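Trainee: So here's upload_17.tsv (TSV, C-alpha atoms).
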```
chain	number	residue	atom	x	y	z
A	824	MET	CA	0.00	0.00	0.00
A	825	LYS	CA	1.48	3.32	-1.00
A	826	ILE	CA	1.49	5.80	1.87
A	827	LYS	CA	0.84	9.42	0.92
A	828	MET	CA	1.48	12.19	3.43
A	829	LYS	CA	-1.31	14.74	3.45
A	830	TYR	CA	-1.14	16.26	6.88
A	831	ILE	CA	1.93	17.03	8.94
A	832	MET	CA	1.34	19.40	11.84
A	833	LEU	CA	3.72	20.03	14.69
A	834	PHE	CA	3.08	22.66	17.31
A	835	CYS	CA	4.33	22.98	20.85
A	836	LEU	CA	2.41	24.59	23.68
A	837	GLY	CA	3.20	23.29	27.17
A	838	VAL	CA	2.51	19.58	27.06
A	839	TRP	CA	0.30	19.90	23.98
A	840	ILE	CA	1.69	19.06	20.56
A	841	SER	CA	-0.23	18.46	17.35
A	842	CYS	CA	1.25	15.36	15.76
A	843	ASN	CA	1.35	13.84	12.28
A	844	LEU	CA	-1.76	12.65	10.56
A	845	GLU	CA	-1.14	10.68	7.38
A	846	ARG	CA	-3.80	9.55	4.97
A	847	ILE	CA	-2.81	6.04	3.95
A	848	GLU	CA	-5.47	5.48	1.37
A	849	GLU	CA	-8.90	6.87	0.61
A	850	GLY	CA	-11.85	5.08	-0.89
A	851	THR	CA	-13.81	6.28	-3.87
A	852	SER	CA	-16.79	7.47	-1.83
A	853	VAL	CA	-16.99	11.22	-1.57
A	854	GLY	CA	-17.91	13.00	1.65
A	855	GLY	CA	-20.90	12.45	3.87
A	856	LEU	CA	-21.72	9.51	6.08
A	857	GLY	CA	-20.98	7.03	3.26
A	858	ALA	CA	-17.29	7.90	3.02
A	859	LYS	CA	-14.69	5.13	3.36
A	860	PHE	CA	-11.20	6.01	4.46
A	861	SER	CA	-8.07	5.03	6.31
A	862	VAL	CA	-5.92	7.43	8.29
A	863	LYS	CA	-2.80	7.22	10.40
A	864	LEU	CA	-2.56	9.21	13.64
A	865	GLY	CA	0.31	9.91	15.97
A	866	GLY	CA	3.63	11.64	16.33
A	867	GLY	CA	7.29	10.73	16.27
A	868	LYS	CA	7.21	8.22	19.12
A	869	ASP	CA	5.02	5.32	20.22
A	870	ASP	CA	1.26	5.99	20.15
A	871	MET	CA	-1.51	3.50	20.93
A	872	ALA	CA	-5.32	3.52	20.88
A	873	HIS	CA	-7.63	1.68	23.28
A	874	ASP	CA	-11.11	2.78	22.22
A	875	ILE	CA	-13.03	4.65	19.51
A	876	LEU	CA	-16.28	6.53	20.14
A	877	VAL	CA	-18.84	7.51	17.48
A	878	THR	CA	-20.10	10.95	18.49
A	879	LYS	CA	-23.63	12.26	18.08
A	880	ASN	CA	-22.69	14.28	14.98
A	881	GLY	CA	-20.96	11.31	13.36
A	882	ALA	CA	-17.37	12.31	14.17
A	883	TYR	CA	-14.96	9.98	15.96
A	884	LEU	CA	-13.00	10.29	19.21
A	885	ILE	CA	-10.05	7.96	19.77
A	886	THR	CA	-8.70	7.43	23.30
A	887	GLY	CA	-5.29	6.00	24.03
A	888	GLU	CA	-1.77	6.88	25.08
A	889	SER	CA	1.16	8.69	23.51
A	890	GLU	CA	4.87	9.22	24.05
A	891	SER	CA	4.97	11.96	21.40
A	892	PHE	CA	4.12	14.78	23.82
A	893	VAL	CA	6.77	14.23	26.50
A	894	THR	CA	10.46	13.40	26.74
A	895	SER	CA	9.84	10.29	28.83
A	896	ASN	CA	7.00	7.98	29.88
A	897	LYS	CA	3.61	8.52	28.19
A	898	GLN	CA	0.43	10.55	28.59
A	899	ALA	CA	-3.27	9.96	28.08
A	900	TYR	CA	-4.16	10.86	24.50
A	901	LEU	CA	-7.34	12.02	22.75
A	902	VAL	CA	-7.73	12.72	19.05
A	903	LYS	CA	-10.83	13.69	17.04
A	904	ILE	CA	-11.41	13.14	13.34
A	905	ASP	CA	-14.49	14.09	11.33
A	906	VAL	CA	-16.90	11.85	9.44
A	907	ASN	CA	-14.53	11.76	6.44
A	908	GLY	CA	-11.39	11.02	8.46
A	909	LYS	CA	-10.09	14.59	8.47
A	910	PHE	CA	-8.00	15.50	11.50
A	911	LEU	CA	-9.76	17.92	13.87
A	912	LYS	CA	-8.02	18.08	17.25
A	913	GLU	CA	-5.70	16.20	19.59
A	914	LYS	CA	-4.44	16.68	23.13
A	915	ALA	CA	-2.44	14.83	25.76
A	916	TYR	CA	-3.10	14.84	29.51
A	917	GLY	CA	-1.37	13.61	32.60
A	918	GLY	CA	1.44	14.03	35.09
A	919	ALA	CA	5.09	13.12	35.40
A	920	PHE	CA	4.60	9.35	35.08
A	921	SER	CA	2.88	6.99	32.64
A	922	ASP	CA	-0.81	7.78	32.01
A	923	GLU	CA	-3.43	6.18	29.75
A	924	ALA	CA	-6.94	6.91	28.45
A	925	HIS	CA	-9.01	3.72	28.18
A	926	SER	CA	-12.62	4.70	27.46
A	927	ALA	CA	-14.86	7.70	26.76
A	928	LEU	CA	-18.51	8.73	26.76
A	929	GLU	CA	-20.16	11.79	25.25
A	930	THR	CA	-22.11	14.18	27.48
A	931	SER	CA	-25.26	16.03	26.48
A	932	ASP	CA	-23.31	19.26	25.86
A	933	GLY	CA	-21.03	17.61	23.28
A	934	GLY	CA	-18.11	17.16	25.66
A	935	PHE	CA	-16.62	13.92	26.93
A	936	ILE	CA	-15.82	12.05	30.12
A	937	ILE	CA	-12.69	9.92	29.94
A	938	CYS	CA	-11.39	7.21	32.26
A	939	GLY	CA	-7.97	5.63	32.35
A	940	SER	CA	-4.89	5.20	34.53
A	941	TYR	CA	-2.72	7.81	36.22
A	942	GLY	CA	0.85	6.71	36.95
A	943	ARG	CA	2.58	7.08	40.31
A	944	SER	CA	6.24	7.24	41.26
A	945	ASN	CA	6.13	3.76	42.85
A	946	GLY	CA	5.20	2.14	39.52
A	947	ARG	CA	1.55	1.62	40.44
A	948	SER	CA	-1.41	3.58	39.10
A	949	ASP	CA	-4.64	5.28	40.16
A	950	VAL	CA	-7.85	5.75	38.20
A	951	TYR	CA	-7.73	8.86	36.02
A	952	ILE	CA	-11.02	10.68	35.25
A	953	LEU	CA	-11.24	13.71	32.97
A	954	ARG	CA	-14.11	15.79	31.76
A	955	VAL	CA	-13.34	17.79	28.62
A	956	ASN	CA	-15.41	20.00	26.33
A	957	SER	CA	-15.95	19.44	22.61
A	958	ASP	CA	-12.60	21.11	21.88
A	959	LEU	CA	-10.89	18.69	24.30
A	960	ASP	CA	-10.14	21.45	26.81
A	961	THR	CA	-10.07	20.17	30.39
A	962	LEU	CA	-13.07	21.09	32.58
A	963	TRP	CA	-12.09	18.99	35.59
A	964	THR	CA	-9.97	15.97	36.55
A	965	LYS	CA	-10.00	13.43	39.37
A	966	VAL	CA	-7.42	10.88	40.48
A	967	VAL	CA	-8.89	8.00	42.50
A	968	GLY	CA	-6.92	5.33	44.34
A	969	SER	CA	-4.78	4.33	47.30
A	970	VAL	CA	-1.02	4.29	47.77
A	971	ASP	CA	-0.61	0.56	48.40
A	972	SER	CA	-2.72	-0.80	45.50
A	973	THR	CA	-2.99	-0.57	41.72
A	974	GLU	CA	-6.19	0.89	40.27
A	975	ARG	CA	-7.12	0.78	36.60
A	976	GLY	CA	-10.10	2.47	34.95
A	977	VAL	CA	-12.07	0.11	32.71
A	978	GLY	CA	-14.97	2.18	31.41
A	979	VAL	CA	-17.58	4.88	31.91
A	980	VAL	CA	-21.30	4.69	31.09
A	981	LEU	CA	-23.85	7.49	31.15
A	982	PHE	CA	-27.17	6.78	32.88
A	983	ASN	CA	-28.73	10.23	32.53
A	984	ASP	CA	-27.67	13.81	31.87
A	985	THR	CA	-26.64	14.33	35.49
A	986	SER	CA	-24.65	11.21	36.45
A	987	PHE	CA	-22.37	8.49	35.13
A	988	VAL	CA	-20.89	5.24	36.44
A	989	LEU	CA	-17.15	4.61	36.46
A	990	GLY	CA	-15.95	0.99	36.51
A	991	TYR	CA	-12.46	0.14	37.71
A	992	THR	CA	-10.37	-2.55	39.37
A	993	SER	CA	-8.14	-2.41	42.44
A	994	GLN	CA	-5.40	-4.92	43.23
A	995	PRO	CA	-3.10	-5.10	46.28
A	996	PRO	CA	0.70	-5.06	45.89
A	997	THR	CA	0.86	-8.77	46.77
A	998	GLY	CA	-1.57	-11.61	46.16
A	999	SER	CA	-4.11	-12.06	43.37
A	1000	ASN	CA	-7.23	-10.52	44.91
A	1001	THR	CA	-9.18	-8.12	42.70
A	1002	VAL	CA	-11.86	-5.65	43.77
A	1003	ILE	CA	-14.22	-4.56	40.98
A	1004	ILE	CA	-15.67	-1.15	41.81
A	1005	ASN	CA	-18.68	0.68	40.37
A	1006	ALA	CA	-18.68	4.33	41.42
A	1007	ARG	CA	-21.48	6.72	40.45
A	1008	TYR	CA	-20.50	10.36	39.99
A	1009	SER	CA	-22.42	13.51	39.20
A	1010	ILE	CA	-21.61	15.06	35.84
A	1011	ASN	CA	-19.52	17.61	37.77
A	1012	GLY	CA	-17.36	14.96	39.42
A	1013	LYS	CA	-19.00	14.55	42.83
A	1014	LEU	CA	-18.98	10.97	44.16
A	1015	LEU	CA	-22.58	9.81	44.78
A	1016	SER	CA	-22.27	6.09	45.61
A	1017	THR	CA	-19.88	3.13	45.44
A	1018	ASN	CA	-20.33	-0.64	45.17
A	1019	ARG	CA	-17.41	-3.07	45.55
A	1020	ILE	CA	-17.29	-6.68	44.33
A	1021	PHE	CA	-14.46	-8.72	45.86
A	1022	LYS	CA	-12.80	-11.55	43.91
A	1023	VAL	CA	-10.24	-13.96	45.36
A	1024	GLU	CA	-8.80	-14.48	41.86
A	1025	SER	CA	-6.86	-12.11	39.64
A	1026	VAL	CA	-9.24	-10.47	37.15
A	1027	TYR	CA	-8.30	-8.28	34.19
A	1028	LEU	CA	-11.20	-6.37	32.64
A	1029	TYR	CA	-11.14	-5.08	29.05
A	1030	ARG	CA	-14.60	-3.61	28.42
A	1031	MET	CA	-17.59	-2.15	30.24
A	1032	LYS	CA	-21.04	-1.83	28.63
A	1033	LYS	CA	-24.47	-0.56	29.61
A	1034	THR	CA	-27.28	-2.92	28.57
A	1035	VAL	CA	-30.71	-1.99	27.25
A	1036	ASP	CA	-32.26	-2.76	30.65
A	1037	ASN	CA	-29.84	-0.30	32.34
A	1038	LYS	CA	-27.53	-2.92	33.81
A	1039	ILE	CA	-23.72	-2.92	33.66
A	1040	VAL	CA	-21.63	-5.66	32.03
A	1041	PHE	CA	-17.88	-6.21	32.36
A	1042	ILE	CA	-15.86	-8.69	30.30
A	1043	GLY	CA	-12.25	-9.80	30.43
A	1044	GLY	CA	-10.22	-12.67	31.80
A	1045	ILE	CA	-9.91	-14.43	35.15
A	1046	SER	CA	-7.07	-16.58	36.50
A	1047	THR	CA	-8.45	-19.74	38.06
A	1048	ASN	CA	-6.61	-22.98	37.27
A	1049	ASP	CA	-6.45	-21.64	33.72
A	1050	TYR	CA	-6.94	-18.17	32.27
A	1051	CYS	CA	-10.62	-18.09	31.27
A	1052	SER	CA	-12.92	-15.53	29.72
A	1053	TYR	CA	-15.00	-13.71	32.34
A	1054	ILE	CA	-18.32	-11.87	32.29
A	1055	LEU	CA	-19.90	-10.00	35.18
A	1056	LYS	CA	-23.33	-8.38	35.14
A	1057	CYS	CA	-24.19	-5.75	37.76
A	1058	LYS	CA	-27.41	-3.98	38.65
A	1059	GLU	CA	-27.94	-0.31	37.87
A	1060	ASP	CA	-26.59	0.68	41.28
A	1061	GLY	CA	-23.41	-1.31	40.57
A	1062	SER	CA	-24.16	-4.23	42.90
A	1063	TYR	CA	-23.55	-7.85	41.89
A	1064	GLN	CA	-26.12	-9.67	39.72
A	1065	TRP	CA	-24.33	-12.68	38.14
A	1066	GLU	CA	-20.99	-13.81	36.70
A	1067	GLN	CA	-19.70	-16.62	34.48
A	1068	ASN	CA	-16.36	-18.05	33.38
A	1069	PHE	CA	-15.78	-19.77	30.06
A	1070	CYS	CA	-13.07	-22.45	29.77
A	1071	THR	CA	-12.66	-25.37	27.38
A	1072	GLY	CA	-9.54	-27.08	28.71
A	1073	SER	CA	-7.29	-24.58	26.99
A	1074	ASN	CA	-5.01	-22.62	29.30
A	1075	PHE	CA	-5.69	-19.21	27.74
A	1076	ILE	CA	-9.16	-18.01	26.69
A	1077	PRO	CA	-9.50	-14.23	27.13
A	1078	GLY	CA	-12.67	-12.27	26.39
A	1079	TYR	CA	-11.99	-8.92	24.70
A	1080	GLY	CA	-15.34	-7.63	23.44
A	1081	VAL	CA	-19.07	-7.93	24.14
A	1082	THR	CA	-22.31	-7.01	22.38
A	1083	GLU	CA	-26.00	-7.27	23.26
A	1084	MET	CA	-28.50	-8.75	20.81
A	1085	ASN	CA	-32.14	-7.70	20.37
A	1086	ASN	CA	-33.39	-10.34	22.83
A	1087	GLY	CA	-30.90	-9.33	25.55
A	1088	ASP	CA	-28.40	-12.15	24.94
A	1089	LEU	CA	-24.77	-11.18	25.50
A	1090	ILE	CA	-22.04	-12.47	23.17
A	1091	LEU	CA	-18.36	-12.39	24.12
A	1092	ALA	CA	-15.59	-12.26	21.52
A	1093	GLY	CA	-12.05	-13.43	22.17
A	1094	SER	CA	-9.78	-16.35	21.37
A	1095	THR	CA	-8.85	-19.82	22.49
A	1096	LEU	CA	-5.28	-21.15	22.60
A	1097	LEU	CA	-4.58	-24.22	20.48
A	1098	ASN	CA	-0.84	-24.55	21.02
A	1099	ASN	CA	2.14	-22.33	21.83
A	1100	ASP	CA	1.55	-19.86	18.98
A	1101	SER	CA	-1.85	-20.66	17.48
A	1102	HIS	CA	-5.22	-19.26	18.53
A	1103	ASN	CA	-8.72	-19.60	17.13
A	1104	PHE	CA	-11.42	-16.96	17.00
A	1105	ASN	CA	-13.85	-17.65	19.84
A	1106	LEU	CA	-17.43	-16.61	20.72
A	1107	ALA	CA	-19.45	-17.44	23.83
A	1108	ALA	CA	-23.09	-16.46	24.39
A	1109	TYR	CA	-25.13	-15.95	27.57
A	1110	ASN	CA	-28.74	-15.06	28.21
A	1111	ASP	CA	-29.74	-12.10	30.38
A	1112	ILE	CA	-29.70	-14.20	33.57
A	1113	GLY	CA	-26.26	-15.70	32.96
A	1114	GLY	CA	-27.12	-19.04	31.36
A	1115	ASN	CA	-24.53	-20.24	28.82
A	1116	LEU	CA	-26.23	-20.66	25.44
A	1117	TRP	CA	-23.43	-21.75	23.11
A	1118	ASN	CA	-19.80	-21.30	22.21
A	1119	TYR	CA	-18.19	-21.37	18.78
A	1120	ASN	CA	-14.65	-21.11	17.40
A	1121	TRP	CA	-13.07	-21.04	13.98
A	1122	GLY	CA	-9.79	-20.03	12.37
A	1123	GLY	CA	-6.76	-21.14	10.42
A	1124	ALA	CA	-3.37	-22.62	11.16
A	1125	ASN	CA	-1.88	-19.55	12.85
A	1126	ALA	CA	-2.84	-16.92	15.40
A	1127	ASP	CA	-6.44	-15.63	15.12
A	1128	GLU	CA	-7.98	-13.40	17.80
A	1129	LEU	CA	-11.18	-11.36	18.05
A	1130	TRP	CA	-10.89	-8.03	19.88
A	1131	SER	CA	-14.32	-6.54	19.25
A	1132	ILE	CA	-17.90	-7.45	18.38
A	1133	VAL	CA	-20.96	-5.38	17.46
A	1134	LYS	CA	-24.55	-6.09	16.49
A	1135	SER	CA	-25.41	-5.25	12.88
A	1136	ASN	CA	-28.56	-3.39	11.89
A	1137	ASP	CA	-30.23	-6.70	10.95
A	1138	ASN	CA	-29.38	-8.33	14.33
A	1139	GLU	CA	-26.46	-10.42	13.07
A	1140	ILE	CA	-22.91	-10.45	14.50
A	1141	VAL	CA	-19.94	-8.47	13.16
A	1142	VAL	CA	-16.58	-9.33	14.69
A	1143	ALA	CA	-13.13	-7.83	14.24
A	1144	GLY	CA	-9.64	-8.74	15.33
A	1145	TYR	CA	-6.40	-9.81	13.79
A	1146	THR	CA	-5.31	-12.88	11.84
A	1147	GLN	CA	-2.08	-14.49	10.72
A	1148	SER	CA	-3.79	-17.35	8.92
A	1149	PHE	CA	-4.01	-15.58	5.53
A	1150	SER	CA	-0.40	-14.34	5.40
A	1151	ALA	CA	2.78	-14.37	7.43
A	1152	MET	CA	2.00	-11.02	9.07
A	1153	PRO	CA	-0.85	-10.01	11.44
A	1154	GLU	CA	-3.67	-8.45	9.42
A	1155	VAL	CA	-6.91	-6.73	10.39
A	1156	TYR	CA	-9.79	-9.21	10.26
A	1157	ILE	CA	-13.50	-8.38	10.04
A	1158	SER	CA	-16.38	-10.76	9.44
A	1159	LYS	CA	-20.16	-10.79	9.55
A	1160	ARG	CA	-21.60	-14.03	10.99
A	1161	ARG	CA	-25.14	-15.38	11.21
A	1162	LEU	CA	-26.45	-15.34	14.75
A	1163	SER	CA	-28.35	-18.60	14.20
A	1164	ASP	CA	-25.33	-20.81	13.45
A	1165	ARG	CA	-22.30	-18.42	13.38
A	1166	SER	CA	-21.69	-19.25	9.71
A	1167	LYS	CA	-19.92	-16.68	7.54
A	1168	ILE	CA	-21.90	-14.06	5.64
A	1169	TRP	CA	-18.74	-12.24	4.55
A	1170	GLU	CA	-15.19	-11.72	5.78
A	1171	ASN	CA	-12.28	-9.45	4.91
A	1172	HIS	CA	-8.63	-9.27	5.93
A	1173	PHE	CA	-6.32	-6.48	4.93
A	1174	SER	CA	-3.22	-4.35	5.50
A	1175	ASN	CA	0.33	-4.99	4.39
A	1176	ILE	CA	1.71	-3.59	7.62
A	1177	THR	CA	1.82	-5.38	10.96
A	1178	VAL	CA	-1.21	-4.37	13.04
A	1179	ASN	CA	-3.03	-5.24	16.25
A	1180	LEU	CA	-6.70	-4.27	16.34
A	1181	GLN	CA	-7.96	-2.52	19.48
A	1182	ASP	CA	-11.63	-1.61	18.97
A	1183	MET	CA	-14.51	-1.47	16.47
A	1184	LYS	CA	-17.81	0.41	16.49
A	1185	ALA	CA	-20.85	0.49	14.21
A	1186	THR	CA	-21.25	3.83	12.43
A	1187	LYS	CA	-24.34	5.89	11.69
A	1188	ASP	CA	-24.43	4.87	8.01
A	1189	GLY	CA	-24.52	1.12	8.72
A	1190	GLY	CA	-20.78	0.69	8.29
A	1191	TYR	CA	-18.00	0.03	10.78
A	1192	ILE	CA	-14.94	1.84	12.07
A	1193	ILE	CA	-11.84	0.10	13.40
A	1194	VAL	CA	-8.94	1.52	15.37
A	1195	ALA	CA	-5.71	-0.48	15.39
A	1196	GLU	CA	-2.07	-0.14	16.34
A	1197	GLU	CA	0.68	-0.38	13.75
A	1198	ASN	CA	3.64	-2.35	15.08
A	1199	SER	CA	6.73	-1.16	13.29
A	1200	PHE	CA	9.94	-3.16	13.38
A	1201	ILE	CA	12.03	-0.18	12.28
A	1202	GLY	CA	10.24	2.78	13.86
A	1203	ASN	CA	7.55	3.76	16.34
A	1204	SER	CA	4.01	2.44	16.56
A	1205	GLU	CA	1.19	4.64	15.27
A	1206	ILE	CA	-2.60	4.57	15.37
A	1207	LEU	CA	-4.52	3.38	12.30
A	1208	VAL	CA	-8.21	4.05	11.68
A	1209	PHE	CA	-10.22	2.24	8.99
A	1210	LYS	CA	-13.77	3.37	8.12
A	1211	MET	CA	-15.61	0.62	6.23
A	1212	ASP	CA	-18.94	0.20	4.51
A	1213	SER	CA	-21.61	-2.34	5.50
A	1214	GLN	CA	-19.64	-5.12	3.77
A	1215	GLY	CA	-16.40	-4.43	5.61
A	1216	ASN	CA	-14.65	-2.66	2.70
A	1217	TYR	CA	-12.57	0.46	3.28
A	1218	GLN	CA	-11.24	0.86	-0.27
```
Could you express the structure from this file as structure tokens?

Mentor:
Amino acid sequence: MKIKMKYIMLFCLGVWISCNLERIEEGTSVGGLGAKFSVKLGGGKDDMAHDILVTKNGAYLITGESESFVTSNKQAYLVKIDVNGKFLKEKAYGGAFSDEAHSALETSDGGFIICGSYGRSNGRSDVYILRVNSDLDTLWTKVVGSVDSTERGVGVVLFNDTSFVLGYTSQPPTGSNTVIINARYSINGKLLSTNRIFKVESVYLYRMKKTVDNKIVFIGGISTNDYCSYILKCKEDGSYQWEQNFCTGSNFIPGYGVTEMNNGDLILAGSTLLNNDSHNFNLAAYNDIGGNLWNYNWGGANADELWSIVKSNDNEIVVAGYTQSFSAMPEVYISKRRLSDRSKIWENHFSNITVNLQDMKATKDGGYIIVAEENSFIGNSEILVFKMDSQGNYQ
């Protein structure tokens, strides 16, 4: 793929720098919500995305981390692009140590609430909460945690115009215990209530989602005898409702993404380990009271992992991740599957550069947008964004 530079911007103002944006390739669609595109975001050092948010006006906000704004460590990073992939704004936030932005929600005034991790001098981290306006200017920040534990923000969900729920984990310096915490805050950052769920195992959470019935779902992995996929459903106040693990005898089955179908069923996307280097795509489904409905895996001879899943407009499943089964290098993988039997409706794999997918969302025009990380063997990693049509094509 020929890379054409279209935007190079470099400014310096305190800790804020506007970094490179390269257009890798643009589809033939012109403007509007039907546009297909691919763009590269980031500066001269390592940059990584964790999440992409489709805003109310159809633009996109990417949350992640960047080393391009500081001389050492990294900072939480936000970047906005418009509906056609044109660069709009970027900023970095944080302190003297390593900081990350993991997830975002949009507020009724067009601003955003961000959660992530705020680094400390002892190598541990606190939860980092920011509220910014539509121009990404900081309105307020909060750092939540304790000195002798490691806290990590997982996600934020909006329940009404006046309050949101922050989900995060807390782990002690020794042992494997994990506390999963749901904290409700006012839109201005005042703590309203807290619910804590104690686990004797080590739990790593990747995603947090609000369901149609106003419950909260977490998915990730849990270390029991093996490393299994994990799903936890909480009530609206953040208290425990049910949880499930999914293991098949493999010693590594993480869950990376979750979606809710029209009937309330929850489907987890991840992978299952076949041998030392080979994984298969993996799906596991649960009903709204935690009953396991089915599991399904497929893939080729090499590493295949799903990192995200969304429901299509016609109530089928669209999954995305990376694959090495079509070529020697990790490629972006996207496929639409039938809910009834998980059979393939269509699938695509693409990119001639080494990538790891991080997140996918459905877009307002019935297409999909993917954010991924480019792993460069000769330079620094950058953020890639692919906007696709309803068939998974970005070209």

Trainee: Pick out the residues sitting within 12 Å of stretch 1010-1014 of chain A, and hand them over as a ChimeraX atom specification; count all atoms listed in the file, and ignore anything fewer than 6 positions along from it in its own chain.

Mentor: /A:928-932,934-937,951-955,962-967,979-989

Trainee: Could you pull the residues within 10 Å of A:Leu911, counting all atoms listed in the file, minus those fewer than 5 positions along the same chain, as a list of chain:residue names?

Mentor: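 Counting all atoms listed in the file, the residues come to A:Ala882, A:Tyr883, A:Leu884, A:Val902, A:Lys903, A:Ile904, A:Asp905, A:Asp958.
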
Trainee: Using only C-alpha atoms, pick whichever of A:Ile1193, A:Met1211, A:Ile1076, A:Leu1091 has the shortest atom-to-atom distance to A:Phe1041.

Mentor: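 With only C-alpha atoms as the atom set, the closest residue is A:Leu1091.
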
Trainee: In Å, rounded to a single decimal, give me how far atom CA of A:Thr878 is from atom CA of A:Lys897.

Mentor: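 Atom CA of A:Lys897 sits 25.7 Å away from atom CA of A:Thr878.
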
Trainee: If you measure from atom CA of A:Gly887 to atom CA of A:Gly976, what distance in Å do you get, rounded to one decimal?

Mentor: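 Separating atom CA of A:Gly887 from atom CA of A:Gly976 is a distance of 12.4 Å.
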
Trainee: Using all atoms listed in the file, pick whichever of A:Asn1179, A:Ser944, A:Asn1118, A:Ser1163 has the shortest atom-to-atom distance to A:Leu1207.

Mentor: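 Checking each candidate against A:Leu1207, we get A:Asn1179 as the closest.
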
Trainee: Restricting the calculation to all atoms listed in the file, which member of A:Asn1074, A:Glu1059, A:Thr1001, A:Glu1128 is positioned closest to A:Ser1016?

Mentor: A:Glu1059

Trainee: Return stretch 1048-1059 of chain A, completed with N, CA and C atoms, as a compact mmCIF listing (two decimals), in the frame of the given file.

Mentor:
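And here is the file that came out, part_1.txt:
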```txt
# COMPACT_ATOMS: atom_id res chain seq x y z
N ASN A 1048 -7.67 -22.03 37.62
CA ASN A 1048 -6.61 -22.98 37.27
C ASN A 1048 -6.03 -22.66 35.91
N ASP A 1049 -6.87 -22.13 35.02
CA ASP A 1049 -6.45 -21.64 33.72
C ASP A 1049 -6.83 -20.17 33.64
N TYR A 1050 -6.50 -19.54 32.50
CA TYR A 1050 -6.94 -18.17 32.27
C TYR A 1050 -8.18 -18.24 31.38
N CYS A 1051 -9.33 -17.90 31.94
CA CYS A 1051 -10.62 -18.09 31.27
C CYS A 1051 -11.25 -16.74 30.96
N SER A 1052 -12.15 -16.73 29.96
CA SER A 1052 -12.92 -15.53 29.72
C SER A 1052 -13.88 -15.32 30.90
N TYR A 1053 -14.22 -14.06 31.14
CA TYR A 1053 -15.00 -13.71 32.34
C TYR A 1053 -16.04 -12.67 31.97
N ILE A 1054 -17.26 -12.86 32.46
CA ILE A 1054 -18.32 -11.87 32.29
C ILE A 1054 -19.01 -11.66 33.62
N LEU A 1055 -19.23 -10.40 33.95
CA LEU A 1055 -19.90 -10.00 35.18
C LEU A 1055 -21.02 -9.03 34.83
N LYS A 1056 -22.22 -9.30 35.34
CA LYS A 1056 -23.33 -8.38 35.14
C LYS A 1056 -23.72 -7.79 36.48
N CYS A 1057 -23.84 -6.47 36.54
CA CYS A 1057 -24.19 -5.75 37.76
C CYS A 1057 -25.53 -5.05 37.58
N LYS A 1058 -26.18 -4.76 38.68
CA LYS A 1058 -27.41 -3.98 38.65
C LYS A 1058 -27.10 -2.52 38.38
N GLU A 1059 -28.14 -1.73 38.20
CA GLU A 1059 -27.94 -0.31 37.87
C GLU A 1059 -27.17 0.42 38.95
```
